[in-house]
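Content type mmCIF, N, CA and C atoms, from the file my_file_0.cif:
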data_query
#
loop_
_atom_site.label_atom_id
_atom_site.label_comp_id
_atom_site.auth_asym_id
_atom_site.auth_seq_id
_atom_site.Cartn_x
_atom_site.Cartn_y
_atom_site.Cartn_z
N MET A 20 -12.89 -11.08 -7.82
CA MET A 20 -12.13 -11.06 -6.59
C MET A 20 -10.86 -10.24 -6.80
N ARG A 21 -10.53 -9.46 -5.82
CA ARG A 21 -9.31 -8.65 -5.87
C ARG A 21 -8.10 -9.52 -5.58
N SER A 22 -7.05 -9.26 -6.32
CA SER A 22 -5.80 -9.96 -6.05
C SER A 22 -4.66 -9.08 -6.53
N GLY A 23 -3.53 -9.29 -5.98
CA GLY A 23 -2.37 -8.56 -6.42
C GLY A 23 -2.07 -7.34 -5.57
N VAL A 24 -0.87 -6.79 -5.85
CA VAL A 24 -0.35 -5.66 -5.11
C VAL A 24 0.00 -4.56 -6.12
N LEU A 25 -0.47 -3.36 -5.85
CA LEU A 25 -0.09 -2.19 -6.63
C LEU A 25 0.86 -1.37 -5.78
N PHE A 26 2.06 -1.11 -6.30
CA PHE A 26 3.05 -0.30 -5.60
C PHE A 26 3.10 1.07 -6.26
N VAL A 27 2.85 2.11 -5.46
CA VAL A 27 2.83 3.48 -5.96
C VAL A 27 4.06 4.20 -5.41
N SER A 28 5.00 4.49 -6.30
CA SER A 28 6.25 5.11 -5.87
C SER A 28 7.02 5.63 -7.07
N PRO A 29 7.68 6.77 -6.92
CA PRO A 29 8.52 7.24 -8.00
C PRO A 29 9.87 6.51 -8.08
N HIS A 30 10.12 5.58 -7.17
CA HIS A 30 11.42 4.91 -7.07
C HIS A 30 11.39 3.52 -7.72
N CYS A 31 11.87 3.44 -8.94
CA CYS A 31 11.89 2.17 -9.67
C CYS A 31 12.73 1.11 -8.97
N GLU A 32 13.81 1.55 -8.32
CA GLU A 32 14.68 0.58 -7.65
C GLU A 32 13.95 -0.10 -6.49
N ASP A 33 13.09 0.62 -5.78
CA ASP A 33 12.29 0.01 -4.72
C ASP A 33 11.30 -0.99 -5.30
N ALA A 34 10.75 -0.66 -6.46
CA ALA A 34 9.80 -1.57 -7.11
C ALA A 34 10.48 -2.90 -7.46
N THR A 35 11.71 -2.83 -7.93
CA THR A 35 12.44 -4.04 -8.28
C THR A 35 12.67 -4.91 -7.04
N VAL A 36 13.10 -4.30 -5.95
CA VAL A 36 13.34 -5.03 -4.71
C VAL A 36 12.04 -5.64 -4.19
N LEU A 37 10.99 -4.85 -4.13
CA LEU A 37 9.71 -5.34 -3.60
C LEU A 37 9.11 -6.43 -4.49
N SER A 38 9.26 -6.29 -5.78
CA SER A 38 8.74 -7.31 -6.70
C SER A 38 9.36 -8.67 -6.40
N ARG A 39 10.65 -8.68 -6.13
CA ARG A 39 11.32 -9.94 -5.77
C ARG A 39 10.78 -10.49 -4.45
N MET A 40 10.61 -9.61 -3.48
CA MET A 40 10.11 -10.04 -2.17
C MET A 40 8.69 -10.58 -2.25
N VAL A 41 7.85 -9.92 -3.00
CA VAL A 41 6.44 -10.29 -3.12
C VAL A 41 6.28 -11.51 -4.03
N GLY A 42 7.23 -11.71 -4.92
CA GLY A 42 7.16 -12.84 -5.85
C GLY A 42 6.99 -14.18 -5.17
N SER A 43 7.57 -14.33 -4.00
CA SER A 43 7.45 -15.59 -3.26
C SER A 43 6.04 -15.83 -2.74
N LEU A 44 5.20 -14.79 -2.75
CA LEU A 44 3.82 -14.92 -2.26
C LEU A 44 2.85 -15.33 -3.36
N SER A 45 3.34 -15.43 -4.58
CA SER A 45 2.51 -15.80 -5.73
C SER A 45 1.33 -14.84 -5.93
N VAL A 46 1.61 -13.55 -5.80
CA VAL A 46 0.60 -12.54 -6.10
C VAL A 46 1.14 -11.63 -7.21
N ARG A 47 0.24 -11.11 -7.99
CA ARG A 47 0.61 -10.20 -9.07
C ARG A 47 1.13 -8.90 -8.46
N PHE A 48 2.16 -8.32 -9.04
CA PHE A 48 2.76 -7.08 -8.54
C PHE A 48 2.87 -6.11 -9.70
N LYS A 49 2.37 -4.90 -9.48
CA LYS A 49 2.48 -3.86 -10.51
C LYS A 49 2.97 -2.57 -9.86
N HIS A 50 3.81 -1.85 -10.59
CA HIS A 50 4.37 -0.59 -10.11
C HIS A 50 3.88 0.55 -10.99
N VAL A 51 3.45 1.64 -10.34
CA VAL A 51 3.17 2.90 -11.02
C VAL A 51 3.92 3.99 -10.27
N ALA A 52 4.27 5.06 -10.99
CA ALA A 52 5.17 6.06 -10.42
C ALA A 52 4.48 7.20 -9.69
N ASP A 53 3.16 7.36 -9.87
CA ASP A 53 2.53 8.53 -9.26
C ASP A 53 1.04 8.30 -9.01
N LEU A 54 0.43 9.29 -8.38
CA LEU A 54 -0.98 9.22 -8.01
C LEU A 54 -1.89 9.15 -9.23
N ALA A 55 -1.56 9.88 -10.27
CA ALA A 55 -2.39 9.88 -11.47
C ALA A 55 -2.51 8.48 -12.06
N HIS A 56 -1.39 7.77 -12.17
CA HIS A 56 -1.43 6.41 -12.69
C HIS A 56 -2.08 5.45 -11.69
N ALA A 57 -1.87 5.70 -10.42
CA ALA A 57 -2.50 4.86 -9.40
C ALA A 57 -4.02 4.99 -9.48
N ARG A 58 -4.51 6.19 -9.71
CA ARG A 58 -5.95 6.41 -9.81
C ARG A 58 -6.56 5.51 -10.89
N THR A 59 -5.91 5.46 -12.04
CA THR A 59 -6.41 4.62 -13.14
C THR A 59 -6.42 3.15 -12.74
N GLU A 60 -5.34 2.69 -12.12
CA GLU A 60 -5.26 1.29 -11.71
C GLU A 60 -6.28 0.95 -10.62
N ILE A 61 -6.41 1.84 -9.65
CA ILE A 61 -7.33 1.60 -8.54
C ILE A 61 -8.78 1.58 -9.02
N GLN A 62 -9.10 2.40 -9.99
CA GLN A 62 -10.46 2.42 -10.53
C GLN A 62 -10.82 1.10 -11.19
N ASN A 63 -9.81 0.36 -11.66
CA ASN A 63 -10.07 -0.97 -12.21
C ASN A 63 -10.46 -1.95 -11.12
N GLY A 64 -10.11 -1.63 -9.87
CA GLY A 64 -10.56 -2.41 -8.72
C GLY A 64 -10.05 -3.83 -8.65
N VAL A 65 -8.85 -4.10 -9.11
CA VAL A 65 -8.36 -5.47 -9.13
C VAL A 65 -7.30 -5.78 -8.08
N TYR A 66 -6.96 -4.81 -7.24
CA TYR A 66 -5.87 -5.00 -6.29
C TYR A 66 -6.39 -5.22 -4.87
N ALA A 67 -5.81 -6.22 -4.20
CA ALA A 67 -6.13 -6.48 -2.80
C ALA A 67 -5.37 -5.52 -1.90
N VAL A 68 -4.16 -5.15 -2.34
CA VAL A 68 -3.28 -4.31 -1.53
C VAL A 68 -2.70 -3.20 -2.39
N ILE A 69 -2.73 -1.99 -1.83
CA ILE A 69 -2.05 -0.85 -2.44
C ILE A 69 -0.94 -0.47 -1.48
N LEU A 70 0.29 -0.62 -1.92
CA LEU A 70 1.47 -0.24 -1.15
C LEU A 70 1.95 1.09 -1.71
N THR A 71 1.95 2.13 -0.90
CA THR A 71 2.29 3.45 -1.41
C THR A 71 3.38 4.14 -0.61
N GLU A 72 4.22 4.85 -1.33
CA GLU A 72 5.17 5.76 -0.69
C GLU A 72 4.37 6.81 0.06
N ALA A 73 4.90 7.31 1.13
CA ALA A 73 4.23 8.37 1.88
C ALA A 73 4.11 9.64 1.04
N ASN A 74 5.17 9.98 0.32
CA ASN A 74 5.18 11.19 -0.49
C ASN A 74 5.36 10.83 -1.95
N LEU A 75 4.41 11.28 -2.76
CA LEU A 75 4.42 11.02 -4.19
C LEU A 75 4.66 12.33 -4.94
N PRO A 76 5.07 12.26 -6.19
CA PRO A 76 5.32 13.49 -6.95
C PRO A 76 4.08 14.38 -7.08
N ASP A 77 2.91 13.75 -7.08
CA ASP A 77 1.68 14.51 -7.29
C ASP A 77 0.65 14.30 -6.18
N GLY A 78 1.10 13.91 -5.00
CA GLY A 78 0.18 13.72 -3.88
C GLY A 78 0.86 13.06 -2.70
N LYS A 79 0.03 12.57 -1.80
CA LYS A 79 0.50 11.92 -0.58
C LYS A 79 -0.26 10.61 -0.38
N TRP A 80 0.18 9.85 0.60
CA TRP A 80 -0.44 8.56 0.88
C TRP A 80 -1.91 8.70 1.23
N LEU A 81 -2.28 9.81 1.84
CA LEU A 81 -3.70 10.03 2.18
C LEU A 81 -4.57 10.12 0.94
N ASP A 82 -4.02 10.63 -0.15
CA ASP A 82 -4.76 10.68 -1.42
C ASP A 82 -5.03 9.27 -1.93
N VAL A 83 -4.06 8.39 -1.79
CA VAL A 83 -4.23 7.00 -2.19
C VAL A 83 -5.29 6.34 -1.32
N LEU A 84 -5.23 6.57 -0.02
CA LEU A 84 -6.23 6.02 0.89
C LEU A 84 -7.62 6.49 0.51
N ASP A 85 -7.77 7.77 0.20
CA ASP A 85 -9.07 8.30 -0.22
C ASP A 85 -9.58 7.61 -1.49
N LEU A 86 -8.69 7.34 -2.43
CA LEU A 86 -9.11 6.65 -3.65
C LEU A 86 -9.68 5.27 -3.36
N THR A 87 -9.07 4.56 -2.43
CA THR A 87 -9.55 3.20 -2.13
C THR A 87 -10.88 3.19 -1.41
N ARG A 88 -11.23 4.29 -0.80
CA ARG A 88 -12.50 4.35 -0.05
C ARG A 88 -13.71 4.49 -0.96
N VAL A 89 -13.51 4.88 -2.21
CA VAL A 89 -14.65 5.07 -3.11
C VAL A 89 -14.92 3.83 -3.96
N ILE A 90 -14.13 2.78 -3.76
CA ILE A 90 -14.30 1.56 -4.54
C ILE A 90 -14.61 0.41 -3.60
N PRO A 91 -15.88 0.15 -3.29
CA PRO A 91 -16.20 -0.93 -2.36
C PRO A 91 -15.75 -2.28 -2.90
N PRO A 92 -15.30 -3.21 -2.09
CA PRO A 92 -15.08 -3.05 -0.67
C PRO A 92 -13.76 -2.38 -0.34
N GLY A 93 -12.99 -2.00 -1.34
CA GLY A 93 -11.73 -1.29 -1.08
C GLY A 93 -10.57 -2.23 -0.86
N ALA A 94 -9.41 -1.73 -1.21
CA ALA A 94 -8.19 -2.49 -1.00
C ALA A 94 -7.56 -2.06 0.32
N GLU A 95 -6.70 -2.92 0.84
CA GLU A 95 -5.94 -2.56 2.02
C GLU A 95 -4.79 -1.65 1.58
N VAL A 96 -4.57 -0.57 2.31
CA VAL A 96 -3.49 0.36 1.99
C VAL A 96 -2.37 0.19 3.01
N ILE A 97 -1.17 0.03 2.49
CA ILE A 97 0.03 -0.05 3.31
C ILE A 97 0.93 1.10 2.87
N VAL A 98 1.46 1.82 3.83
CA VAL A 98 2.31 2.98 3.55
C VAL A 98 3.76 2.60 3.82
N THR A 99 4.66 3.15 3.02
CA THR A 99 6.08 2.95 3.26
C THR A 99 6.80 4.29 3.25
N ASP A 100 7.82 4.40 4.11
CA ASP A 100 8.54 5.66 4.22
C ASP A 100 9.90 5.41 4.86
N ALA A 101 10.90 6.08 4.32
CA ALA A 101 12.26 5.94 4.86
C ALA A 101 12.40 6.60 6.24
N GLY A 102 11.58 7.60 6.50
CA GLY A 102 11.66 8.31 7.78
C GLY A 102 10.60 7.89 8.77
N ALA A 103 10.07 6.68 8.61
CA ALA A 103 8.98 6.21 9.46
C ALA A 103 9.41 6.13 10.92
N ASP A 104 8.51 6.57 11.80
CA ASP A 104 8.73 6.46 13.24
C ASP A 104 7.40 6.06 13.89
N ALA A 105 7.40 5.91 15.20
CA ALA A 105 6.20 5.46 15.90
C ALA A 105 5.04 6.43 15.73
N ARG A 106 5.31 7.71 15.71
CA ARG A 106 4.25 8.70 15.55
C ARG A 106 3.59 8.57 14.17
N PHE A 107 4.40 8.42 13.12
CA PHE A 107 3.85 8.27 11.78
C PHE A 107 3.08 6.96 11.66
N TRP A 108 3.60 5.88 12.25
CA TRP A 108 2.90 4.60 12.23
C TRP A 108 1.51 4.74 12.87
N ALA A 109 1.44 5.43 14.00
CA ALA A 109 0.15 5.65 14.67
C ALA A 109 -0.79 6.47 13.78
N GLU A 110 -0.27 7.48 13.12
CA GLU A 110 -1.10 8.29 12.22
C GLU A 110 -1.64 7.44 11.08
N VAL A 111 -0.79 6.62 10.49
CA VAL A 111 -1.20 5.76 9.38
C VAL A 111 -2.35 4.85 9.82
N LEU A 112 -2.20 4.22 10.97
CA LEU A 112 -3.26 3.32 11.47
C LEU A 112 -4.53 4.09 11.82
N ASN A 113 -4.39 5.22 12.48
CA ASN A 113 -5.55 6.02 12.88
C ASN A 113 -6.34 6.55 11.70
N MET A 114 -5.67 6.78 10.59
CA MET A 114 -6.36 7.29 9.40
C MET A 114 -7.01 6.17 8.59
N GLY A 115 -6.74 4.93 8.96
CA GLY A 115 -7.44 3.81 8.33
C GLY A 115 -6.62 2.94 7.41
N ALA A 116 -5.32 3.19 7.30
CA ALA A 116 -4.47 2.31 6.49
C ALA A 116 -4.24 1.00 7.26
N TYR A 117 -3.85 -0.02 6.55
CA TYR A 117 -3.64 -1.33 7.16
C TYR A 117 -2.37 -1.37 8.01
N ASP A 118 -1.28 -0.81 7.48
CA ASP A 118 -0.01 -0.87 8.21
C ASP A 118 1.01 0.05 7.56
N LEU A 119 2.17 0.11 8.18
CA LEU A 119 3.31 0.88 7.70
C LEU A 119 4.50 -0.05 7.58
N ILE A 120 5.20 0.02 6.46
CA ILE A 120 6.44 -0.74 6.29
C ILE A 120 7.57 0.27 6.20
N PRO A 121 8.46 0.25 7.19
CA PRO A 121 9.58 1.20 7.14
C PRO A 121 10.62 0.76 6.10
N GLN A 122 11.40 1.72 5.68
CA GLN A 122 12.53 1.44 4.78
C GLN A 122 13.82 1.60 5.57
N PRO A 123 14.84 0.84 5.29
CA PRO A 123 14.96 -0.12 4.19
C PRO A 123 14.07 -1.34 4.44
N PHE A 124 13.69 -2.00 3.36
CA PHE A 124 12.76 -3.11 3.43
C PHE A 124 13.43 -4.36 3.97
N ALA A 125 12.73 -5.04 4.87
CA ALA A 125 13.16 -6.34 5.39
C ALA A 125 12.23 -7.39 4.78
N ALA A 126 12.78 -8.32 4.04
CA ALA A 126 11.98 -9.27 3.27
C ALA A 126 10.92 -9.98 4.11
N ALA A 127 11.29 -10.50 5.26
CA ALA A 127 10.33 -11.25 6.08
C ALA A 127 9.17 -10.36 6.52
N GLU A 128 9.47 -9.12 6.89
CA GLU A 128 8.42 -8.21 7.33
C GLU A 128 7.51 -7.82 6.17
N VAL A 129 8.09 -7.52 5.02
CA VAL A 129 7.29 -7.17 3.84
C VAL A 129 6.37 -8.33 3.47
N GLN A 130 6.91 -9.52 3.42
CA GLN A 130 6.10 -10.69 3.06
C GLN A 130 4.99 -10.95 4.06
N ARG A 131 5.29 -10.84 5.35
CA ARG A 131 4.27 -11.08 6.39
C ARG A 131 3.14 -10.06 6.29
N ILE A 132 3.49 -8.80 6.20
CA ILE A 132 2.47 -7.74 6.18
C ILE A 132 1.62 -7.83 4.91
N ILE A 133 2.26 -8.01 3.77
CA ILE A 133 1.50 -8.08 2.52
C ILE A 133 0.65 -9.34 2.46
N SER A 134 1.18 -10.46 2.90
CA SER A 134 0.40 -11.70 2.93
C SER A 134 -0.84 -11.55 3.81
N ASN A 135 -0.67 -11.00 5.00
CA ASN A 135 -1.81 -10.80 5.90
C ASN A 135 -2.83 -9.83 5.31
N ALA A 136 -2.35 -8.77 4.68
CA ALA A 136 -3.26 -7.79 4.08
C ALA A 136 -4.04 -8.40 2.92
N CYS A 137 -3.36 -9.22 2.11
CA CYS A 137 -4.06 -9.90 1.00
C CYS A 137 -5.13 -10.85 1.54
N SER A 138 -4.79 -11.59 2.59
CA SER A 138 -5.77 -12.51 3.19
C SER A 138 -6.96 -11.75 3.74
N ARG A 139 -6.70 -10.67 4.42
CA ARG A 139 -7.77 -9.86 5.00
C ARG A 139 -8.67 -9.28 3.91
N SER A 140 -8.07 -8.79 2.85
CA SER A 140 -8.84 -8.21 1.76
C SER A 140 -9.70 -9.27 1.06
N SER A 141 -9.14 -10.47 0.86
CA SER A 141 -9.88 -11.51 0.14
C SER A 141 -11.02 -12.10 0.96
N THR A 142 -10.91 -12.03 2.29
CA THR A 142 -11.99 -12.57 3.11
C THR A 142 -13.05 -11.52 3.43
N GLY A 143 -12.77 -10.29 3.07
CA GLY A 143 -13.76 -9.24 3.34
C GLY A 143 -13.89 -8.91 4.81
N SER A 144 -12.86 -9.21 5.59
CA SER A 144 -12.95 -9.00 7.03
C SER A 144 -12.48 -7.61 7.45
N LYS A 145 -12.48 -6.71 6.52
CA LYS A 145 -12.05 -5.33 6.83
C LYS A 145 -13.05 -4.71 7.80
N VAL A 146 -12.53 -4.12 8.85
CA VAL A 146 -13.40 -3.45 9.81
C VAL A 146 -13.08 -1.97 9.80
N ALA A 147 -14.08 -1.18 10.11
CA ALA A 147 -13.87 0.26 10.12
C ALA A 147 -13.02 0.64 11.32
N ARG A 148 -12.04 1.48 11.07
CA ARG A 148 -11.22 2.02 12.16
C ARG A 148 -11.66 3.44 12.43
N ALA A 149 -11.72 3.78 13.67
CA ALA A 149 -12.09 5.15 14.03
C ALA A 149 -10.90 6.06 13.86
N ALA A 150 -11.11 7.15 13.14
CA ALA A 150 -10.05 8.14 12.99
C ALA A 150 -9.92 8.87 14.31
N GLY A 151 -8.69 9.03 14.76
CA GLY A 151 -8.53 9.64 16.06
C GLY A 151 -7.49 10.60 16.02
#
Conversion result in structure tokens:
Amino acid sequence: MRSGVLFVSPHCEDATVLSRMVGSLSVRFKHVADLAHARTEIQNGVYAVILTEANLPDGKWLDVLDLTRVIPPGAEVIVTDAGADARFWAEVLNMGAYDLIPQPFAAAEVQRIISNACSRSSTGSKVARAAG
């Protein structure tokens, strides 16, 4: 069974903040700095949720989403970005990610979104979204 959250971001300070926020959910939290390291972790297939920065040193959030699609049943992908707006949120959802968490992080919102994504991933209730 998949459990835990993988955070993909070059920003260690964000990982520290998110780790504290997610800690109250009693889920494992791991941080990697780039797509290359995320690929290795995702191939292990142990994460229910992949939380990724929109822009990575060696790729983009869409690359992370593509990685999760080759590992059935796949993890839920949540994107985070400091410049998030309604248009980007719609793009994230239309491309098949679970949700978008804007920065700066709000603890209640982070906990709610990650908790719901973990529950959805563990129950296998993921439904296909049409790309539009």
How would you write, as a PyMOL selection string, the set of residues in chain A that DSSP gives as helix (DSSP H, G or I)? chain A and resi 31-42+54-63+80-88+105-113+126-142
Between CA of Ala109 in chain A and CA of Asn63 in chain A, what distance in Å does the model show, to one decimal?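 Separation between CA of Ala109 in chain A and CA of Asn63 in chain A: 29.5 Å.
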Among the residues A:Arg21, A:Leu84, A:Ser134, A:Glu128, the one that comes closest to Ala116 in chain A [using all atoms listed in the file]: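 Once distances to Ala116 in chain A are computed over all atoms listed in the file, the minimum belongs to A:Leu84.
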Enumerate, as a ChimeraX atom specification, the residues matched when the PyMOL selection byres ((chain A and resi 77) around 6) is run on the file above. /A:53-54,75-76,78-79
I'd like to know which of A:Val24, A:Ala34, A:Ile69, A:Ile97 is closest to Phe48 in chain A, using only N, CA and C atoms.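 Checking each candidate against Phe48 in chain A, we get A:Val24 as the closest.
Here, the PyMOL selection byres (((chain A and resi 103 and name CA) around 12) and name CA) matches Glu72, Ala73, Asn74, Val98, Thr99, Asp100, Ala101, Gly102, Asp104, Ala105, Arg106, Phe107, Trp108, Ala109, Glu110, Val111, Asp118, Leu119, Ile120, Pro121, Gln122, Pro123 and Phe124 of chain A.
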Which one of A:Val51, A:Leu81, A:Leu70, A:Ala57 sits closest to Val129 in chain A if you count only C-alpha atoms?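 Of A:Val51, A:Leu81, A:Leu70, A:Ala57, the one nearest Val129 in chain A is A:Leu70, counting only C-alpha atoms.
Of the listed residues (A:His56, A:His50, A:Leu86, A:Gly23), A:His50 comes nearest to Thr35 in chain A; the distances count only N, CA and C atoms.
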Quick one: pull the distance between CA of Leu37 in chain A and atom C of Ser140 in chain A, Å, one decimal. 20.3 Å
For Cys137 in chain A, which residue among A:Met114, A:Glu95, A:Met40, A:Arg58 is the nearest when counting only N, CA and C atoms? A:Glu95
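Comparing A:Val65, A:Ala127, A:Ala136, A:Ile90 by their smallest distance to Ser22 in chain A, the closest is A:Val65 (using all atoms listed in the file).
Those residues in range 23-151 of chain A carrying a DSSP assignment of strand (DSSP E), computed from the backbone, are Val24, Leu25, Phe26, Val27, Phe48, Lys49, His50, Val51, Val68, Ile69, Leu70, Thr71, Glu72, Asn74, Leu75, Gly78, Lys79, Glu95, Val96, Ile97, Val98, Thr99, Asp100, Asp118, Leu119, Ile120 and Pro121 of chain A.
When CA of Lys49 in chain A is paired with CA of Val83 in chain A, their separation reads 15.2 Å.
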